[in-house]
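Chemist: Below is input.cif; it holds mmCIF, C-alpha atoms.
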```
data_data
#
loop_
_atom_site.label_atom_id
_atom_site.label_comp_id
_atom_site.auth_asym_id
_atom_site.auth_seq_id
_atom_site.Cartn_x
_atom_site.Cartn_y
_atom_site.Cartn_z
CA MET A 30 -16.94 13.58 96.11
CA GLN A 31 -15.60 10.42 94.53
CA GLU A 32 -12.47 10.69 92.41
CA ARG A 33 -10.14 8.19 90.78
CA LEU A 34 -7.63 6.72 93.20
CA ASN A 35 -4.64 7.46 90.99
CA LYS A 36 -5.66 11.15 90.95
CA LEU A 37 -6.03 11.25 94.75
CA ILE A 38 -2.64 9.60 95.25
CA ALA A 39 -1.05 12.15 92.92
CA GLN A 40 -2.79 15.02 94.72
CA ALA A 41 -1.38 13.76 98.01
CA GLY A 42 2.11 14.07 96.52
CA ILE A 43 2.82 10.34 96.79
CA ALA A 44 3.45 9.64 93.10
CA SER A 45 2.51 10.73 89.62
CA ARG A 46 -0.80 9.44 88.25
CA ARG A 47 1.00 6.84 86.14
CA ALA A 48 3.13 5.70 89.06
CA ALA A 49 -0.01 5.64 91.22
CA GLU A 50 -1.61 3.23 88.76
CA GLN A 51 1.34 0.89 89.21
CA LEU A 52 0.95 1.10 92.99
CA ILE A 53 -2.68 0.05 92.56
CA LEU A 54 -1.77 -2.84 90.26
CA ASP A 55 0.89 -3.96 92.76
CA GLY A 56 -1.70 -4.14 95.53
CA GLN A 57 -0.15 -1.31 97.54
CA VAL A 58 -3.41 0.65 97.90
CA THR A 59 -6.36 -0.04 100.22
CA VAL A 60 -9.71 1.69 100.68
CA ASN A 61 -11.47 1.07 103.98
CA GLY A 62 -9.17 -1.88 104.56
CA LYS A 63 -9.89 -3.52 101.21
CA LYS A 64 -7.00 -4.01 98.80
CA ILE A 65 -7.66 -2.32 95.45
CA THR A 66 -6.06 -3.64 92.26
CA GLU A 67 -8.50 -2.41 89.62
CA LEU A 68 -7.55 0.74 87.72
CA GLY A 69 -10.30 3.34 87.56
CA THR A 70 -11.54 2.62 91.07
CA LYS A 71 -12.89 5.74 92.78
CA ALA A 72 -12.95 6.82 96.41
CA ASP A 73 -14.12 9.76 98.51
CA ALA A 74 -11.22 11.36 100.40
CA GLU A 75 -13.61 12.84 102.98
CA ASN A 76 -15.38 9.60 103.88
CA ASP A 77 -13.10 6.71 102.83
CA HIS A 78 -9.87 5.67 104.54
CA ILE A 79 -7.25 5.51 101.78
CA LYS A 80 -3.87 3.96 102.47
CA VAL A 81 -0.78 3.64 100.27
CA ARG A 82 1.81 1.12 101.46
CA GLY A 83 -0.07 0.98 104.75
CA LYS A 84 0.02 4.74 105.39
CA LEU A 85 -3.12 6.87 105.50
CA ILE A 86 -3.07 9.66 102.91
CA ASN A 87 -6.32 11.45 103.89
CA THR A 88 -4.47 13.96 106.08
CA LYS A 89 -2.20 14.94 103.20
CA LEU A 90 -5.23 15.42 100.97
CA ALA A 91 -7.01 17.54 103.59
CA THR A 92 -4.03 19.85 104.05
CA ARG A 93 -3.01 19.91 100.40
CA SER A 94 -2.24 23.34 99.00
CA ASP A 95 -2.42 24.34 95.37
CA PHE A 96 0.83 25.72 94.01
CA TYR A 97 1.24 27.96 90.95
CA ILE A 98 4.89 28.58 90.19
CA LEU A 99 6.46 30.60 87.40
CA VAL A 100 9.76 29.14 86.15
CA ASN A 101 12.28 30.54 83.70
CA LYS A 102 13.14 27.29 81.94
CA PRO A 103 16.72 27.08 80.65
CA LYS A 104 17.53 25.43 77.35
CA GLY A 105 18.13 21.69 77.75
CA TYR A 106 15.31 20.95 80.18
CA LEU A 107 12.30 18.83 79.28
CA SER A 108 8.84 20.24 79.98
CA SER A 109 7.60 17.06 81.63
CA ALA A 110 7.21 15.44 85.04
CA ALA A 111 9.10 12.31 83.93
CA ASP A 112 11.43 11.10 81.18
CA PRO A 113 12.47 7.49 80.43
CA GLU A 114 15.69 8.80 78.86
CA GLY A 115 16.76 10.45 82.10
CA ARG A 116 17.01 14.00 80.75
CA GLU A 117 16.81 17.00 83.07
CA LEU A 118 13.24 18.05 83.84
CA VAL A 119 11.75 21.48 84.42
CA VAL A 120 9.99 20.15 87.54
CA ASP A 121 13.42 19.44 89.07
CA LEU A 122 14.02 23.20 89.25
CA VAL A 123 11.43 23.53 92.04
CA LYS A 124 11.95 21.63 95.29
CA GLY A 125 9.78 21.07 98.34
CA ARG A 126 6.36 21.54 96.69
CA GLY A 127 5.41 17.89 96.13
CA LYS A 128 4.46 16.54 92.72
CA LEU A 129 4.17 19.31 90.15
CA HIS A 130 3.57 19.25 86.42
CA PRO A 131 4.07 21.83 83.66
CA VAL A 132 1.16 23.76 82.18
CA GLY A 133 1.51 23.31 78.44
CA ARG A 134 4.78 22.79 76.62
CA LEU A 135 8.03 24.57 75.95
CA ASP A 136 10.30 22.41 73.86
CA TYR A 137 13.65 21.01 75.00
CA ASN A 138 15.80 23.52 73.08
CA SER A 139 13.67 26.55 73.98
CA GLU A 140 13.81 28.67 77.10
CA GLY A 141 11.63 31.09 78.99
CA LEU A 142 8.50 31.22 81.09
CA ILE A 143 6.46 28.15 81.99
CA ILE A 144 4.08 27.51 84.88
CA LEU A 145 4.29 24.50 87.20
CA THR A 146 1.32 23.47 89.33
CA ASN A 147 -0.41 20.59 91.10
CA ASP A 148 -3.87 21.90 90.12
CA GLY A 149 -5.25 19.79 87.29
CA LYS A 150 -8.28 21.98 86.60
CA PHE A 151 -6.06 25.06 86.28
CA THR A 152 -3.78 23.16 83.90
CA ASN A 153 -6.61 22.02 81.66
CA PHE A 154 -8.12 25.50 81.48
CA VAL A 155 -4.92 27.40 80.76
CA ALA A 156 -3.40 24.84 78.38
CA SER A 157 -6.56 24.61 76.26
CA SER A 158 -7.46 28.30 76.27
CA LYS A 159 -7.46 30.13 72.93
CA LYS A 160 -7.62 33.49 74.70
CA ILE A 161 -4.38 33.41 76.69
CA ALA A 162 -1.57 34.84 74.56
CA LYS A 163 1.93 33.40 74.68
CA VAL A 164 4.65 35.82 73.57
CA TYR A 165 8.07 34.72 72.28
CA GLU A 166 11.32 36.32 71.20
CA VAL A 167 12.60 34.49 68.16
CA LYS A 168 15.99 34.63 66.44
CA VAL A 169 16.09 33.06 62.96
CA LYS A 170 18.77 32.20 60.48
CA GLY A 171 18.96 34.79 57.73
CA LEU A 172 16.64 37.71 57.08
CA PRO A 173 13.14 36.72 55.89
CA ASN A 174 11.53 39.15 53.46
CA THR A 175 8.28 40.95 54.19
CA ASN A 176 6.18 38.60 52.04
CA ALA A 177 7.42 35.58 53.98
CA ILE A 178 6.61 37.15 57.35
CA ASN A 179 3.17 38.20 56.10
CA LYS A 180 2.47 34.56 55.22
CA LEU A 181 3.11 33.64 58.83
CA ARG A 182 0.88 36.49 59.99
CA ARG A 183 -1.99 35.16 57.89
CA GLY A 184 -1.45 31.51 58.84
CA VAL A 185 0.55 28.85 57.06
CA LEU A 186 0.22 25.12 56.37
CA LEU A 187 2.96 23.19 58.17
CA GLU A 188 4.65 20.04 56.88
CA ASP A 189 2.70 17.92 59.36
CA GLY A 190 -0.58 19.18 57.87
CA PHE A 191 -1.46 21.61 60.66
CA LYS A 192 -2.80 25.00 59.50
CA THR A 193 -1.73 27.75 61.89
CA ALA A 194 -4.08 30.49 62.98
CA PRO A 195 -3.14 34.10 62.19
CA ALA A 196 -0.18 35.17 64.35
CA GLU A 197 0.95 38.55 65.61
CA ILE A 198 4.54 39.11 64.48
CA LYS A 199 6.51 42.24 65.28
CA GLU A 200 9.98 42.88 63.92
CA LEU A 201 12.68 43.54 66.51
CA LYS A 202 16.19 44.81 65.88
CA HIS A 203 17.87 42.54 63.33
CA THR A 204 21.56 41.75 63.11
CA GLU A 205 23.50 41.44 59.86
CA ASN A 206 22.81 37.71 59.54
CA ASN A 207 19.81 37.05 61.75
CA GLY A 208 16.24 38.25 62.01
CA TRP A 209 14.70 38.90 65.44
CA TYR A 210 10.93 38.85 65.98
CA GLU A 211 8.34 39.00 68.71
CA VAL A 212 5.71 36.35 67.98
CA THR A 213 2.37 36.14 69.79
CA LEU A 214 0.34 32.92 69.57
CA TYR A 215 -3.01 31.86 70.98
CA GLU A 216 -2.52 28.18 70.20
CA GLY A 217 0.08 25.61 71.20
CA HIS A 218 0.83 23.13 68.41
CA ASN A 219 3.99 21.11 69.08
CA GLN A 220 7.10 23.16 68.16
CA GLN A 221 4.82 25.49 66.23
CA ILE A 222 7.10 28.51 65.91
CA ARG A 223 10.05 26.40 64.76
CA LYS A 224 7.85 24.74 62.15
CA MET A 225 6.39 28.08 61.03
CA PHE A 226 9.79 29.56 60.26
CA ASP A 227 10.95 26.29 58.68
CA ALA A 228 7.97 26.67 56.33
CA ILE A 229 9.43 29.93 54.98
CA GLY A 230 13.00 28.61 54.83
CA HIS A 231 14.45 30.34 57.89
CA SER A 232 15.17 27.99 60.80
CA VAL A 233 14.93 29.16 64.39
CA VAL A 234 18.28 29.70 66.13
CA LYS A 235 16.93 30.85 69.49
CA LEU A 236 13.48 30.81 71.04
CA ARG A 237 12.44 32.32 74.37
CA ARG A 238 8.95 32.69 75.83
CA THR A 239 8.67 36.08 77.52
CA LYS A 240 5.01 36.32 78.49
CA ILE A 241 2.01 34.14 79.36
CA GLY A 242 -1.20 36.13 79.27
CA GLU A 243 -0.35 39.25 81.27
CA ILE A 244 2.42 37.50 83.20
CA ALA A 245 6.00 38.57 82.49
CA ASP A 246 9.09 38.74 84.67
CA PRO A 247 12.24 40.11 83.00
CA HIS A 248 14.12 39.85 86.32
CA LEU A 249 13.62 36.07 86.66
CA LYS A 250 16.90 34.47 85.57
CA PRO A 251 17.15 31.07 83.81
CA GLY A 252 16.61 28.30 86.34
CA GLN A 253 14.91 30.61 88.85
CA SER A 254 11.28 30.42 89.94
CA ARG A 255 8.70 32.31 91.99
CA ASP A 256 5.11 31.80 93.10
CA LEU A 257 2.43 33.44 91.02
CA THR A 258 0.45 36.03 92.94
CA ALA A 259 -3.23 35.41 93.62
CA ASP A 260 -4.00 38.23 91.19
CA GLU A 261 -1.92 36.60 88.45
CA VAL A 262 -3.71 33.27 88.91
CA LYS A 263 -7.07 35.05 88.83
CA LYS A 264 -6.20 36.85 85.58
CA LEU A 265 -5.23 33.60 83.87
CA LEU A 266 -8.52 32.03 84.89
CA GLY A 267 -10.35 35.03 83.46
#
```
Spell out the structure here as structure tokens.

Modeler:
Amino acid sequence: MQERLNKLIAQAGIASRRAAEQLILDGQVTVNGKKITELGTKADAENDHIKVRGKLINTKLATRSDFYILVNKPKGYLSSAADPEGRELVVDLVKGRGKLHPVGRLDYNSEGLIILTNDGKFTNFVASSKKIAKVYEVKVKGLPNTNAINKLRRGVLLEDGFKTAPAEIKELKHTENNGWYEVTLYEGHNQQIRKMFDAIGHSVVKLRRTKIGEIADPHLKPGQSRDLTADEVKKLLG
């Protein structure tokens, strides 16, 4: 099956797709001995000899394993595979698995569960699914009244014009000055929970994702990771 060269190079763990494009533009990639410099060129890893910087990558593609890794992201890590500003990345928390990328987003100042993988089809399915619930523990400034929380449950219009879908919100044990809630979403608009509580005048102080679909791991400490089981992967794929 023919696939884009930048995708094949990324799957072999040589570079990210973007970096692979630069390798192609720099003339560092050949297919069947012919130098390739045109982006979008496709090749068949089973039948074509693909070399990057003179080294054959077909063996790496043939023995490539798919990894599905659950990470407890600490606050202050970016959910990305690269950052021009040099900030710490969630992918740096997992070593020795080749090029991984996060499934969906968990913003820089939030913490909790996120999945890293090298399987693009898995990523697209899980990140775009409206059936996989994401559950969060949320601490907010002040104590919102019942009417305000009910607005969030019904769906609210955010400042950026996005209308949120109805959300499941359960009250947890509040403190004297802060409300605590369990929020369940089936969508993933950028910084959605923070913007939702901003819309009712109560900014988020702390945000932690505790569950993705049926996957939870209260024993996984910040910065730690573990492989998903085959059963967990199967459940996410439905």

Chemist: Check the smallest atom-to-atom distance from each of A:Arg223, A:Arg126, A:Arg134, A:Arg47 to Val167 in chain A using all atoms listed in the file, then report the winner.

Modeler: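 The answer is A:Arg223, which sits nearest to Val167 in chain A.
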
Chemist: Apply the PyMOL selection byres ((chain A and resi 168-178) around 7) to the structure shown and report the selected residues as a list of chain:residue names.

Modeler: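 In the shown coordinates, the PyMOL selection byres ((chain A and resi 168-178) around 7) covers A:Glu166, A:Val167, A:Asn179, A:Lys180, A:Leu181, A:Arg182, A:Asn206, A:Asn207, A:Gly208, A:Trp209, A:Tyr210, A:Ile229, A:His231, A:Ser232, A:Val233, A:Val234, A:Lys235, A:Leu236.
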
Chemist: Just to confirm, what's the straight-line distance from CA of Thr70 in chain A to CA of Lys128 in chain A in Å (one decimal)?

Modeler: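 Result for CA of Thr70 in chain A versus CA of Lys128 in chain A: 21.3 Å, one decimal.
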
Chemist: What gap, in Å, lies between CA of Glu140 in chain A and CA of Gly267 in chain A?

Modeler: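 Spanning CA of Glu140 in chain A to CA of Gly267 in chain A is a straight-line distance of 25.8 Å.
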
Chemist: Where does the PyMOL selection byres ((chain A and resi 148) around 8) land in this file, that is, which residues does it pick, as a list in words?

Modeler: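 Applied to this file, the PyMOL selection byres ((chain A and resi 148) around 8) selects Asp95, Phe96, Tyr97, Thr146, Asn147, Gly149, Lys150, Phe151 and Thr152 of chain A.
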
Chemist: Write a file of the selected residues as a PDB file, in the frame of the given file, keeping C-alpha atoms.

Modeler:
```
ATOM      1  CA  ASP A  95      -2.420  24.340  95.370  1.00  0.00           C
ATOM      2  CA  PHE A  96       0.830  25.720  94.010  1.00  0.00           C
ATOM      3  CA  TYR A  97       1.240  27.960  90.950  1.00  0.00           C
ATOM      4  CA  THR A 146       1.320  23.470  89.330  1.00  0.00           C
ATOM      5  CA  ASN A 147      -0.410  20.590  91.100  1.00  0.00           C
ATOM      6  CA  GLY A 149      -5.250  19.790  87.290  1.00  0.00           C
ATOM      7  CA  LYS A 150      -8.280  21.980  86.600  1.00  0.00           C
ATOM      8  CA  PHE A 151      -6.060  25.060  86.280  1.00  0.00           C
ATOM      9  CA  THR A 152      -3.780  23.160  83.900  1.00  0.00           C
TER      10      THR A 152
END
```

Chemist: Quick check, in Å to one decimal: how far apart do CA of Gln51 in chain A and CA of Lys36 in chain A lie?

Modeler: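 We find that CA of Gln51 in chain A and CA of Lys36 in chain A lie 12.5 Å from each other.
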
Chemist: Counting only C-alpha atoms, figure out which residue out of A:Ala111, A:Leu34, A:Val81, A:Leu135 gets nearest to Thr59 in chain A.

Modeler: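 Of the candidates, the smallest distance to Thr59 in chain A is held by A:Val81.
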
Chemist: Can you work out which one of A:His130, A:Arg255, A:Lys163, A:Lys80 has the shortest atom-to-atom distance to Asn61 in chain A, counting all atoms listed in the file?

Modeler: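 Smallest distance to Asn61 in chain A is found for A:Lys80.
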
Chemist: Carefully work through the PyMOL selection byres ((chain A and resi 43) around 12) for this structure and note down the residues it includes, as a PyMOL selection string.

Modeler: chain A and resi 34-42+44-50+52+58+80-82+84-87+89-90+93+126-129

Chemist: So that I have them on file, write out the residues from the current selection with C-alpha atoms, as a PDB file, keeping the file's coordinate frame.

Modeler:
```pdb
ATOM      1  CA  LEU A  34      -7.630   6.720  93.200  1.00  0.00           C
ATOM      2  CA  ASN A  35      -4.640   7.460  90.990  1.00  0.00           C
ATOM      3  CA  LYS A  36      -5.660  11.150  90.950  1.00  0.00           C
ATOM      4  CA  LEU A  37      -6.030  11.250  94.750  1.00  0.00           C
ATOM      5  CA  ILE A  38      -2.640   9.600  95.250  1.00  0.00           C
ATOM      6  CA  ALA A  39      -1.050  12.150  92.920  1.00  0.00           C
ATOM      7  CA  GLN A  40      -2.790  15.020  94.720  1.00  0.00           C
ATOM      8  CA  ALA A  41      -1.380  13.760  98.010  1.00  0.00           C
ATOM      9  CA  GLY A  42       2.110  14.070  96.520  1.00  0.00           C
ATOM     10  CA  ALA A  44       3.450   9.640  93.100  1.00  0.00           C
ATOM     11  CA  SER A  45       2.510  10.730  89.620  1.00  0.00           C
ATOM     12  CA  ARG A  46      -0.800   9.440  88.250  1.00  0.00           C
ATOM     13  CA  ARG A  47       1.000   6.840  86.140  1.00  0.00           C
ATOM     14  CA  ALA A  48       3.130   5.700  89.060  1.00  0.00           C
ATOM     15  CA  ALA A  49      -0.010   5.640  91.220  1.00  0.00           C
ATOM     16  CA  GLU A  50      -1.610   3.230  88.760  1.00  0.00           C
ATOM     17  CA  LEU A  52       0.950   1.100  92.990  1.00  0.00           C
ATOM     18  CA  VAL A  58      -3.410   0.650  97.900  1.00  0.00           C
ATOM     19  CA  LYS A  80      -3.870   3.960 102.470  1.00  0.00           C
ATOM     20  CA  VAL A  81      -0.780   3.640 100.270  1.00  0.00           C
ATOM     21  CA  ARG A  82       1.810   1.120 101.460  1.00  0.00           C
ATOM     22  CA  LYS A  84       0.020   4.740 105.390  1.00  0.00           C
ATOM     23  CA  LEU A  85      -3.120   6.870 105.500  1.00  0.00           C
ATOM     24  CA  ILE A  86      -3.070   9.660 102.910  1.00  0.00           C
ATOM     25  CA  ASN A  87      -6.320  11.450 103.890  1.00  0.00           C
ATOM     26  CA  LYS A  89      -2.200  14.940 103.200  1.00  0.00           C
ATOM     27  CA  LEU A  90      -5.230  15.420 100.970  1.00  0.00           C
ATOM     28  CA  ARG A  93      -3.010  19.910 100.400  1.00  0.00           C
ATOM     29  CA  ARG A 126       6.360  21.540  96.690  1.00  0.00           C
ATOM     30  CA  GLY A 127       5.410  17.890  96.130  1.00  0.00           C
ATOM     31  CA  LYS A 128       4.460  16.540  92.720  1.00  0.00           C
ATOM     32  CA  LEU A 129       4.170  19.310  90.150  1.00  0.00           C
TER      33      LEU A 129
END
```

Chemist: For Ile143 in chain A, work out the shell of residues within 12 Å, counting all atoms listed in the file and skipping chain neighbours fewer than 3 positions away, then give it as a PDB file with C-alpha atoms, keeping the file's coordinate frame.

Modeler:
```pdb
ATOM      1  CA  TYR A  97       1.240  27.960  90.950  1.00  0.00           C
ATOM      2  CA  ILE A  98       4.890  28.580  90.190  1.00  0.00           C
ATOM      3  CA  LEU A  99       6.460  30.600  87.400  1.00  0.00           C
ATOM      4  CA  VAL A 100       9.760  29.140  86.150  1.00  0.00           C
ATOM      5  CA  ASN A 101      12.280  30.540  83.700  1.00  0.00           C
ATOM      6  CA  LYS A 102      13.140  27.290  81.940  1.00  0.00           C
ATOM      7  CA  PRO A 103      16.720  27.080  80.650  1.00  0.00           C
ATOM      8  CA  TYR A 106      15.310  20.950  80.180  1.00  0.00           C
ATOM      9  CA  LEU A 107      12.300  18.830  79.280  1.00  0.00           C
ATOM     10  CA  SER A 108       8.840  20.240  79.980  1.00  0.00           C
ATOM     11  CA  SER A 109       7.600  17.060  81.630  1.00  0.00           C
ATOM     12  CA  VAL A 119      11.750  21.480  84.420  1.00  0.00           C
ATOM     13  CA  VAL A 120       9.990  20.150  87.540  1.00  0.00           C
ATOM     14  CA  LEU A 122      14.020  23.200  89.250  1.00  0.00           C
ATOM     15  CA  HIS A 130       3.570  19.250  86.420  1.00  0.00           C
ATOM     16  CA  PRO A 131       4.070  21.830  83.660  1.00  0.00           C
ATOM     17  CA  VAL A 132       1.160  23.760  82.180  1.00  0.00           C
ATOM     18  CA  GLY A 133       1.510  23.310  78.440  1.00  0.00           C
ATOM     19  CA  ARG A 134       4.780  22.790  76.620  1.00  0.00           C
ATOM     20  CA  LEU A 135       8.030  24.570  75.950  1.00  0.00           C
ATOM     21  CA  ASP A 136      10.300  22.410  73.860  1.00  0.00           C
ATOM     22  CA  SER A 139      13.670  26.550  73.980  1.00  0.00           C
ATOM     23  CA  GLU A 140      13.810  28.670  77.100  1.00  0.00           C
ATOM     24  CA  THR A 146       1.320  23.470  89.330  1.00  0.00           C
ATOM     25  CA  THR A 152      -3.780  23.160  83.900  1.00  0.00           C
ATOM     26  CA  VAL A 155      -4.920  27.400  80.760  1.00  0.00           C
ATOM     27  CA  ALA A 156      -3.400  24.840  78.380  1.00  0.00           C
ATOM     28  CA  LYS A 163       1.930  33.400  74.680  1.00  0.00           C
ATOM     29  CA  VAL A 164       4.650  35.820  73.570  1.00  0.00           C
ATOM     30  CA  TYR A 165       8.070  34.720  72.280  1.00  0.00           C
ATOM     31  CA  ARG A 237      12.440  32.320  74.370  1.00  0.00           C
ATOM     32  CA  ARG A 238       8.950  32.690  75.830  1.00  0.00           C
ATOM     33  CA  THR A 239       8.670  36.080  77.520  1.00  0.00           C
ATOM     34  CA  LYS A 240       5.010  36.320  78.490  1.00  0.00           C
ATOM     35  CA  ILE A 241       2.010  34.140  79.360  1.00  0.00           C
ATOM     36  CA  GLY A 242      -1.200  36.130  79.270  1.00  0.00           C
ATOM     37  CA  ILE A 244       2.420  37.500  83.200  1.00  0.00           C
ATOM     38  CA  ALA A 245       6.000  38.570  82.490  1.00  0.00           C
ATOM     39  CA  ASP A 246       9.090  38.740  84.670  1.00  0.00           C
ATOM     40  CA  LEU A 249      13.620  36.070  86.660  1.00  0.00           C
ATOM     41  CA  PRO A 251      17.150  31.070  83.810  1.00  0.00           C
ATOM     42  CA  GLY A 252      16.610  28.300  86.340  1.00  0.00           C
ATOM     43  CA  GLN A 253      14.910  30.610  88.850  1.00  0.00           C
ATOM     44  CA  SER A 254      11.280  30.420  89.940  1.00  0.00           C
ATOM     45  CA  ARG A 255       8.700  32.310  91.990  1.00  0.00           C
ATOM     46  CA  ASP A 256       5.110  31.800  93.100  1.00  0.00           C
ATOM     47  CA  LEU A 257       2.430  33.440  91.020  1.00  0.00           C
TER      48      LEU A 257
END
```

Chemist: From the options A:Leu265, A:Ile222, A:Ala72, A:Ile79, which residue's atoms come nearest to Ile198 in chain A, counting all atoms listed in the file?

Modeler: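 Nearest to Ile198 in chain A: A:Ile222.
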
Chemist: Using only C-alpha atoms, find the one residue out of A:Glu188, A:Glu205, A:Glu261, A:Glu243 that sits nearest to Phe226 in chain A.

Modeler: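 So, comparing all the options, the nearest one is A:Glu188.
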
Chemist: Please determine, counting all atoms listed in the file, which residue among A:Asn153, A:Met225, A:Ile161, A:Gly217 has the shortest atom-to-atom distance to Arg183 in chain A.

Modeler: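 Result for the nearest residue to Arg183 in chain A: A:Met225.
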